[in-house]
>>> print(open('target.csv').read())   # CSV, C-alpha atoms
chain,number,residue,atom,x,y,z
A,1,MET,CA,13.3,-30.8,21.8
A,2,LEU,CA,13.4,-27.2,23.0
A,3,ASN,CA,10.6,-24.7,22.0
A,4,HIS,CA,13.0,-21.8,21.4
A,5,LEU,CA,16.1,-21.6,19.3
A,6,PHE,CA,18.3,-20.1,22.0
A,7,ALA,CA,18.9,-21.7,25.4
A,8,ARG,CA,20.5,-18.5,26.7
A,9,PHE,CA,22.0,-15.2,25.4
A,10,MET,CA,24.6,-12.9,26.7
A,11,GLN,CA,25.4,-15.1,29.8
A,12,GLN,CA,28.3,-13.9,31.9
A,13,ASN,CA,31.1,-16.5,32.1
A,14,ASN,CA,34.3,-15.0,33.4
A,15,GLN,CA,33.2,-11.7,32.0
A,16,THR,CA,32.9,-13.2,28.5
A,17,ASN,CA,29.5,-12.7,26.8
A,18,ILE,CA,28.3,-16.0,25.4
A,19,LEU,CA,25.9,-16.1,22.4
A,20,GLN,CA,24.5,-19.7,22.6
A,21,SER,CA,22.0,-21.7,20.6
A,22,ALA,CA,20.3,-25.0,21.0
A,23,PRO,CA,19.2,-27.3,18.2
A,24,VAL,CA,15.4,-27.3,17.4
A,25,GLY,CA,13.2,-28.3,14.5
A,26,GLU,CA,13.1,-24.8,13.1
A,27,CYS,CA,14.8,-24.0,9.8
A,28,LEU,CA,15.4,-20.3,10.6
A,29,HIS,CA,15.1,-18.1,13.7
A,30,ILE,CA,15.9,-14.4,14.1
A,31,GLN,CA,17.0,-13.3,17.6
A,32,HIS,CA,17.2,-9.6,18.5
A,33,ILE,CA,19.8,-8.5,21.1
A,34,GLU,CA,19.4,-5.0,22.4
A,35,THR,CA,23.0,-4.5,23.8
A,36,PHE,CA,26.2,-6.5,23.9
A,37,SER,CA,29.8,-6.1,24.9
A,38,GLU,CA,33.2,-7.5,24.1
A,39,PRO,CA,34.6,-10.1,24.2
A,40,CYS,CA,32.0,-12.5,22.8
A,41,LEU,CA,32.0,-16.3,22.4
A,42,LEU,CA,29.6,-17.6,19.8
A,43,ARG,CA,28.4,-21.2,20.2
A,44,VAL,CA,26.8,-22.7,17.2
A,45,ALA,CA,25.0,-26.0,17.6
A,46,ALA,CA,25.4,-29.0,15.3
A,47,LYS,CA,24.0,-28.6,11.8
A,48,GLN,CA,23.4,-24.9,12.3
A,49,GLN,CA,24.8,-21.8,10.8
A,50,VAL,CA,24.8,-18.3,12.2
A,51,CYS,CA,25.1,-14.8,10.8
A,52,LEU,CA,25.3,-11.6,12.7
A,53,VAL,CA,23.5,-8.6,11.3
A,54,GLN,CA,23.3,-4.9,12.2
A,55,ASN,CA,22.1,-1.9,10.3
A,56,GLY,CA,22.9,-3.3,6.8
A,57,TRP,CA,26.2,-5.0,7.8
A,58,ARG,CA,26.5,-8.7,8.2
A,59,SER,CA,29.2,-11.1,9.3
A,60,PRO,CA,30.4,-14.2,7.5
A,61,ILE,CA,28.4,-17.3,8.1
A,62,TYR,CA,29.7,-19.2,11.2
A,63,GLN,CA,29.4,-23.0,11.1
A,64,GLU,CA,28.9,-25.3,14.1
A,65,GLY,CA,31.4,-25.0,16.9
A,66,GLU,CA,32.7,-22.2,19.2
A,67,HIS,CA,33.9,-18.9,17.7
A,68,ALA,CA,35.7,-16.3,19.8
A,69,LEU,CA,34.7,-13.0,18.4
A,70,SER,CA,37.6,-10.6,18.8
A,71,SER,CA,37.4,-6.8,18.8
A,72,ARG,CA,38.6,-6.8,15.2
A,73,ALA,CA,35.8,-9.2,14.2
A,74,LEU,CA,33.3,-6.9,16.0
A,75,SER,CA,34.8,-3.6,14.9
A,76,ALA,CA,32.0,-2.9,12.4
A,77,LEU,CA,29.3,-3.2,15.1
A,78,ASN,CA,27.9,-0.5,17.4
A,79,PRO,CA,27.4,-1.9,20.9
A,80,ASN,CA,24.7,0.6,21.5
A,81,MET,CA,22.5,-0.6,18.6
A,82,PRO,CA,20.4,-3.8,18.4
A,83,LEU,CA,22.1,-6.8,17.0
A,84,GLN,CA,20.3,-9.5,15.1
A,85,LEU,CA,21.4,-13.2,14.9
A,86,ILE,CA,20.1,-15.3,12.1
A,87,PHE,CA,20.3,-19.0,12.9
A,88,LEU,CA,19.8,-21.5,10.0
A,89,HIS,CA,19.3,-25.2,10.5
A,90,ILE,CA,20.5,-26.8,7.3
A,91,GLU,CA,18.4,-29.9,7.5
A,92,HIS,CA,15.0,-28.3,8.0
A,93,SER,CA,12.7,-26.4,5.7
A,94,LEU,CA,11.1,-23.1,6.3
A,95,GLN,CA,7.3,-23.3,6.5
A,96,ARG,CA,5.3,-20.1,6.1
A,97,ASP,CA,1.8,-18.8,5.2
A,98,TRP,CA,1.1,-16.5,2.3
A,99,GLN,CA,-1.9,-14.4,1.2
A,100,HIS,CA,-2.8,-12.2,-1.8
A,101,GLN,CA,-5.9,-10.2,-1.0
A,102,GLY,CA,-6.4,-9.0,-4.6
A,103,LEU,CA,-6.4,-12.5,-6.0
A,104,HIS,CA,-8.4,-13.8,-3.1
A,105,LEU,CA,-5.8,-16.5,-2.6
A,106,GLN,CA,-4.0,-17.9,0.4
A,107,GLY,CA,-1.9,-20.9,1.2
A,108,GLN,CA,1.3,-22.2,2.6
A,109,TYR,CA,4.8,-22.8,1.3
A,110,GLN,CA,7.7,-25.0,2.4
A,111,LEU,CA,11.1,-23.5,1.4
A,112,ARG,CA,14.3,-25.5,1.5
A,113,ILE,CA,17.5,-23.4,1.7
A,114,LEU,CA,20.3,-24.9,-0.5
A,115,ASN,CA,22.7,-22.0,-0.4
A,116,SER,CA,22.8,-20.0,2.8
A,117,GLU,CA,24.8,-17.1,1.3
A,118,ALA,CA,22.3,-16.6,-1.5
A,119,PHE,CA,19.3,-16.8,0.8
A,120,LEU,CA,20.7,-14.3,3.3
A,121,SER,CA,21.6,-11.9,0.5
A,122,GLN,CA,18.0,-12.1,-0.8
A,123,LEU,CA,16.6,-11.7,2.7
A,124,LEU,CA,18.7,-8.7,3.6
A,125,SER,CA,18.1,-7.0,0.3
A,126,LEU,CA,14.4,-6.8,1.2
A,127,SER,CA,14.9,-5.2,4.6
A,128,PRO,CA,18.0,-4.0,6.5
A,129,ILE,CA,16.5,-5.6,9.6
A,130,PRO,CA,15.9,-9.2,8.8
A,131,ASP,CA,12.2,-10.0,8.7
A,132,LEU,CA,10.6,-13.1,7.3
A,133,SER,CA,7.4,-11.2,6.6
A,134,ALA,CA,9.3,-9.1,4.1
A,135,PHE,CA,10.3,-12.4,2.3
A,136,ASP,CA,6.6,-13.5,2.4
A,137,GLN,CA,5.6,-10.2,0.7
A,138,TRP,CA,8.4,-10.5,-1.9
A,139,LEU,CA,7.1,-14.0,-2.8
A,140,VAL,CA,3.5,-12.7,-3.1
A,141,ARG,CA,4.7,-9.9,-5.5
A,142,GLN,CA,6.3,-12.6,-7.7
A,143,ILE,CA,3.1,-14.6,-7.7
A,144,GLU,CA,1.1,-11.5,-8.8
A,145,HIS,CA,3.6,-10.8,-11.5
A,146,ILE,CA,3.4,-14.3,-12.9
A,147,VAL,CA,-0.4,-14.3,-12.9
A,148,GLN,CA,-0.5,-11.0,-14.8
A,149,GLU,CA,2.3,-11.9,-17.2
A,150,GLN,CA,0.6,-15.2,-18.1
A,151,GLN,CA,-2.8,-13.5,-18.3
A,152,ILE,CA,-4.4,-16.0,-16.0
A,153,SER,CA,-8.1,-14.9,-15.7
A,154,ALA,CA,-9.8,-14.3,-12.4
A,155,GLN,CA,-12.2,-17.1,-13.2
A,156,ASP,CA,-9.4,-19.6,-13.7
A,157,VAL,CA,-7.9,-18.4,-10.4
A,158,GLN,CA,-11.2,-19.1,-8.7
A,159,ASP,CA,-12.0,-22.4,-10.4
A,160,TYR,CA,-8.5,-24.0,-10.4
A,161,PRO,CA,-6.5,-22.9,-7.4
A,162,GLN,CA,-4.8,-26.2,-6.9
A,163,ARG,CA,-3.7,-26.4,-10.5
A,164,LEU,CA,-2.5,-22.8,-10.3
A,165,ALA,CA,-0.5,-23.7,-7.2
A,166,LEU,CA,1.4,-26.4,-9.1
A,167,PHE,CA,2.1,-24.0,-12.0
A,168,LEU,CA,3.3,-21.3,-9.6
A,169,LYS,CA,5.6,-23.7,-7.8
A,170,ASP,CA,7.3,-24.8,-11.0
A,171,VAL,CA,7.7,-21.3,-12.3
A,172,LEU,CA,8.9,-19.8,-9.0
A,173,ASN,CA,11.5,-22.6,-8.6
A,174,ALA,CA,12.8,-22.4,-12.2
A,175,ARG,CA,12.8,-18.7,-12.6
A,176,LEU,CA,13.6,-17.2,-9.2
A,177,LEU,CA,14.4,-19.6,-6.4
A,178,ASN,CA,16.6,-22.4,-7.8
A,179,PRO,CA,19.1,-19.9,-9.3
A,180,GLN,CA,19.3,-18.3,-5.8
A,181,GLY,CA,20.0,-21.5,-3.9
A,182,MET,CA,16.4,-22.1,-2.7
A,183,THR,CA,13.6,-24.5,-3.7
A,184,LEU,CA,9.9,-24.8,-2.9
A,185,ASP,CA,9.2,-28.4,-1.7
A,186,ARG,CA,5.5,-27.6,-1.2
A,187,PHE,CA,3.2,-24.9,-2.3
A,188,SER,CA,-0.5,-24.7,-1.8
A,189,ALA,CA,-3.2,-22.2,-2.8
A,190,ASP,CA,-6.9,-21.9,-1.8
A,191,TYR,CA,-9.4,-19.5,-3.2
A,192,GLU,CA,-11.5,-17.4,-0.7
A,193,ILE,CA,-14.8,-16.1,-2.0
A,194,PRO,CA,-14.8,-12.3,-1.2
A,195,VAL,CA,-17.3,-11.2,1.3
A,196,ALA,CA,-18.7,-8.6,-1.2
A,197,ASP,CA,-19.3,-11.4,-3.7
A,198,THR,CA,-21.2,-13.5,-1.2
A,199,ALA,CA,-23.3,-10.5,-0.2
A,200,ALA,CA,-24.0,-9.6,-3.8
A,201,GLN,CA,-25.1,-13.1,-4.7
A,202,GLU,CA,-27.4,-13.4,-1.7
A,203,ASN,CA,-28.8,-9.9,-2.5
A,204,ALA,CA,-29.4,-10.9,-6.1
A,205,ALA,CA,-31.1,-14.1,-5.0
A,206,GLU,CA,-33.4,-12.3,-2.7
A,207,LYS,CA,-34.4,-9.8,-5.2
A,208,SER,CA,-34.9,-12.3,-8.0
A,209,SER,CA,-37.3,-14.3,-5.9
A,210,ALA,CA,-39.3,-11.2,-4.8
A,211,PRO,CA,-42.4,-10.6,-7.0
A,212,ILE,CA,-42.7,-7.3,-8.9
A,213,ALA,CA,-45.8,-5.3,-7.9
A,214,GLU,CA,-48.3,-5.1,-10.7
A,215,THR,CA,-48.6,-1.3,-10.1
A,216,ALA,CA,-44.9,-0.7,-10.6
A,217,SER,CA,-44.1,2.2,-13.0
A,218,PRO,CA,-41.7,1.8,-16.0
A,219,SER,CA,-39.1,3.8,-14.3
A,220,SER,CA,-39.2,1.7,-11.1
A,221,LEU,CA,-39.0,-1.5,-13.3
A,222,THR,CA,-35.8,-0.1,-14.9
A,223,THR,CA,-34.3,0.7,-11.6
A,224,THR,CA,-35.1,-2.8,-10.3
A,225,ALA,CA,-33.5,-4.4,-13.4
A,226,GLN,CA,-30.3,-2.5,-12.9
A,227,GLU,CA,-30.2,-3.5,-9.2
A,228,ASN,CA,-30.7,-7.2,-10.3
A,229,GLU,CA,-27.7,-7.1,-12.6
A,230,VAL,CA,-25.0,-9.5,-11.6
A,231,ALA,CA,-21.7,-7.9,-10.4
A,232,GLU,CA,-19.4,-9.7,-12.8
A,233,PHE,CA,-16.9,-7.2,-14.1
A,234,TYR,CA,-13.3,-7.0,-12.6
A,235,CYS,CA,-10.9,-4.2,-13.4
A,236,ALA,CA,-7.1,-4.1,-13.1
A,237,MET,CA,-6.6,-0.8,-11.3
A,238,ASN,CA,-4.3,0.6,-8.6
A,239,GLY,CA,-1.8,-2.2,-8.9
A,240,GLY,CA,-4.4,-4.9,-8.2
A,241,GLN,CA,-7.7,-6.4,-9.1
A,242,GLN,CA,-10.8,-4.4,-8.2
A,243,GLY,CA,-14.4,-5.6,-8.3
A,244,PRO,CA,-16.8,-7.1,-9.0
A,245,TYR,CA,-18.8,-4.3,-10.6
A,246,ARG,CA,-22.2,-4.2,-12.2
A,247,ARG,CA,-22.4,-2.8,-15.8
A,248,GLN,CA,-23.9,0.5,-14.6
A,249,GLU,CA,-21.3,0.9,-11.9
A,250,LEU,CA,-18.6,0.6,-14.6
A,251,GLN,CA,-20.4,3.0,-16.8
A,252,ASN,CA,-20.4,5.5,-13.9
A,253,LEU,CA,-16.7,5.1,-13.5
A,254,ILE,CA,-16.2,5.7,-17.2
A,255,SER,CA,-18.3,8.8,-17.1
A,256,SER,CA,-16.4,10.2,-14.2
A,257,GLY,CA,-13.1,9.6,-15.9
A,258,GLU,CA,-11.8,7.1,-13.3
A,259,ILE,CA,-11.5,4.4,-16.0
A,260,THR,CA,-9.7,4.9,-19.3
A,261,PRO,CA,-10.4,3.1,-22.5
A,262,GLN,CA,-7.2,1.1,-21.9
A,263,THR,CA,-8.2,-0.2,-18.5
A,264,LEU,CA,-8.1,-4.0,-18.5
A,265,VAL,CA,-11.4,-5.8,-17.6
A,266,TRP,CA,-12.4,-9.4,-17.2
A,267,LYS,CA,-15.8,-11.1,-16.7
A,268,PRO,CA,-16.8,-14.8,-16.7
A,269,GLY,CA,-16.6,-16.3,-20.2
A,270,LEU,CA,-13.5,-14.4,-21.3
A,271,HIS,CA,-10.2,-16.3,-21.7
A,272,SER,CA,-8.1,-13.2,-20.9
A,273,TRP,CA,-8.2,-9.6,-19.7
A,274,GLN,CA,-9.2,-7.1,-22.4
A,275,ALA,CA,-9.2,-3.3,-22.8
A,276,ILE,CA,-12.6,-2.0,-21.7
A,277,LYS,CA,-13.0,0.0,-24.9
A,278,GLN,CA,-13.5,-3.4,-26.7
A,279,PHE,CA,-16.8,-4.0,-24.7
A,280,SER,CA,-19.8,-2.9,-26.8
A,281,GLU,CA,-22.0,-2.5,-23.8
A,282,PHE,CA,-20.2,0.6,-22.6
A,283,GLN,CA,-20.5,4.2,-24.0
A,284,TRP,CA,-17.5,6.6,-24.3
A,285,HIS,CA,-17.4,10.3,-24.8
A,286,ASP,CA,-16.1,11.4,-28.2
A,287,LYS,CA,-13.2,13.0,-26.4
A,288,THR,CA,-11.9,9.7,-25.0
A,289,ILE,CA,-13.0,7.1,-27.6
A,290,ASN,CA,-9.8,7.5,-29.6
A,291,ASP,CA,-7.4,7.3,-26.7
>>> encode(input="target.csv", output="structure tokens")
Amino acid sequence: MLNHLFARFMQQNNQTNILQSAPVGECLHIQHIETFSEPCLLRVAAKQQVCLVQNGWRSPIYQEGEHALSSRALSALNPNMPLQLIFLHIEHSLQRDWQHQGLHLQGQYQLRILNSEAFLSQLLSLSPIPDLSAFDQWLVRQIEHIVQEQQISAQDVQDYPQRLALFLKDVLNARLLNPQGMTLDRFSADYEIPVADTAAQENAAEKSSAPIAETASPSSLTTTAQENEVAEFYCAMNGGQQGPYRRQELQNLISSGEITPQTLVWKPGLHSWQAIKQFSEFQWHDKTIND
């Protein structure tokens, strides 16, 4: 089993450029060729398919066998521009990692391509130069949309990542992937505790265990109480989830105008995100309370 998809590219054989592949265990591999010349002979290994891509243009899908690429077939290509070859192995699945920093989730997915034409159309619609990372990012955006649409709370994301993974797999397949000739065979999700959360919990534990000096003034006791507040509020801002915040930190954002009454907020104990104006613990200026 070879480690790379191509055994050799652009070999000279009686002045004919040979684009050649070798079968491996990969589902998909993208090869970039800086320059090429005519005539070309494209050799496609058994159970593979190949598509040529350049600057938004793509060729038909070539099946296994040898294909002499004539000047007419290559007329749309610029020999002075890079050429990409996308090789698909129709009996293997694509295995990739994914991550959403805002949701603190990461995992892996295994994608099986059932319709090569549909998959290539989707891949090239995301980036004129084929790039699997663009497909990863597209999938992550769909995950974020589903979580927001279904009003899945941050606490549920944290507590039930495996259950969420099963739900996302079913929804992604039924709504997006299956109609486009793709299917997720496997999909996993793991929750990563944010570094800020860990530091806040350790800080709160240290402060709660420290004795308060008997000579402390009322003002210092008030400050200590505010510092000991648990950072438990999350806000939906700037296209993602921000937080956690302490109550006073949110109040400061309200006072500065960075948060509007309609900003969605969640904290442990709530079943869904709610507009922050519904929280009685926050004060609003008369100018904004009716927004």
>>> residues_around(input="target.csv", residues="A:Gln274", least_positions_apart="4", cutoff="9 Å", atoms="all atoms listed in the file", output="list in words")
Gln262, Thr263, Leu264, Val265, Trp266, Leu270, Gln278 and Phe279 of chain A
>>> atom_distance(input="target.csv", atom1="atom CA of A:Leu69", atom2="atom CA of A:Leu42")
7.0 Å
>>> atom_distance(input="target.csv", atom1="atom CA of A:Leu41", atom2="atom CA of A:His29")
19.1 Å
>>> closest_residue(input="target.csv", among="A:Ile86, A:Ile30, A:Ile146, A:Ile276", to="A:Leu253", atoms="only C-alpha atoms")
A:Ile276
>>> atom_distance(input="target.csv", atom1="atom CA of A:Gln241", atom2="atom CA of A:Leu103")
7.0 Å
>>> residues_near_point(input="target.csv", point="(17.6, -28.6, 8.6)", cutoff="12 Å", atoms="all atoms listed in the file", output="JSON, numbers by chain")
{"A": [23, 24, 25, 26, 27, 28, 29, 45, 46, 47, 48, 49, 87, 88, 89, 90, 91, 92, 93, 94, 95, 111, 112, 113, 114, 116]}
>>> write_last_selection(input="target.csv", atoms="C-alpha atoms", output="CSV table (one decimal), keeping the file's coordinate frame")
chain,number,residue,atom,x,y,z
A,23,PRO,CA,19.2,-27.3,18.2
A,24,VAL,CA,15.4,-27.3,17.4
A,25,GLY,CA,13.2,-28.3,14.5
A,26,GLU,CA,13.1,-24.8,13.1
A,27,CYS,CA,14.8,-24.0,9.8
A,28,LEU,CA,15.4,-20.3,10.6
A,29,HIS,CA,15.1,-18.1,13.7
A,45,ALA,CA,25.0,-26.0,17.6
A,46,ALA,CA,25.4,-29.0,15.3
A,47,LYS,CA,24.0,-28.6,11.8
A,48,GLN,CA,23.4,-24.9,12.3
A,49,GLN,CA,24.8,-21.8,10.8
A,87,PHE,CA,20.3,-19.0,12.9
A,88,LEU,CA,19.8,-21.5,10.0
A,89,HIS,CA,19.3,-25.2,10.5
A,90,ILE,CA,20.5,-26.8,7.3
A,91,GLU,CA,18.4,-29.9,7.5
A,92,HIS,CA,15.0,-28.3,8.0
A,93,SER,CA,12.7,-26.4,5.7
A,94,LEU,CA,11.1,-23.1,6.3
A,95,GLN,CA,7.3,-23.3,6.5
A,111,LEU,CA,11.1,-23.5,1.4
A,112,ARG,CA,14.3,-25.5,1.5
A,113,ILE,CA,17.5,-23.4,1.7
A,114,LEU,CA,20.3,-24.9,-0.5
A,116,SER,CA,22.8,-20.0,2.8
>>> residues_near_point(input="target.csv", point="(-3.3, -26.2, -0.5)", cutoff="7 Å", atoms="all atoms listed in the file", output="PyMOL selection string")
chain A and resi 107-108+162+187-190
>>> residues_around(input="target.csv", residues="A:Thr260", least_positions_apart="2", cutoff="9 Å", atoms="all atoms listed in the file", output="number ranges by chain")
A: 254, 257-258, 262-263, 275-277, 288, 291
>>> closest_residue(input="target.csv", among="A:Asp185, A:Glu281, A:Glu149, A:Asp136", to="A:Asp170", atoms="all atoms listed in the file")
A:Asp185
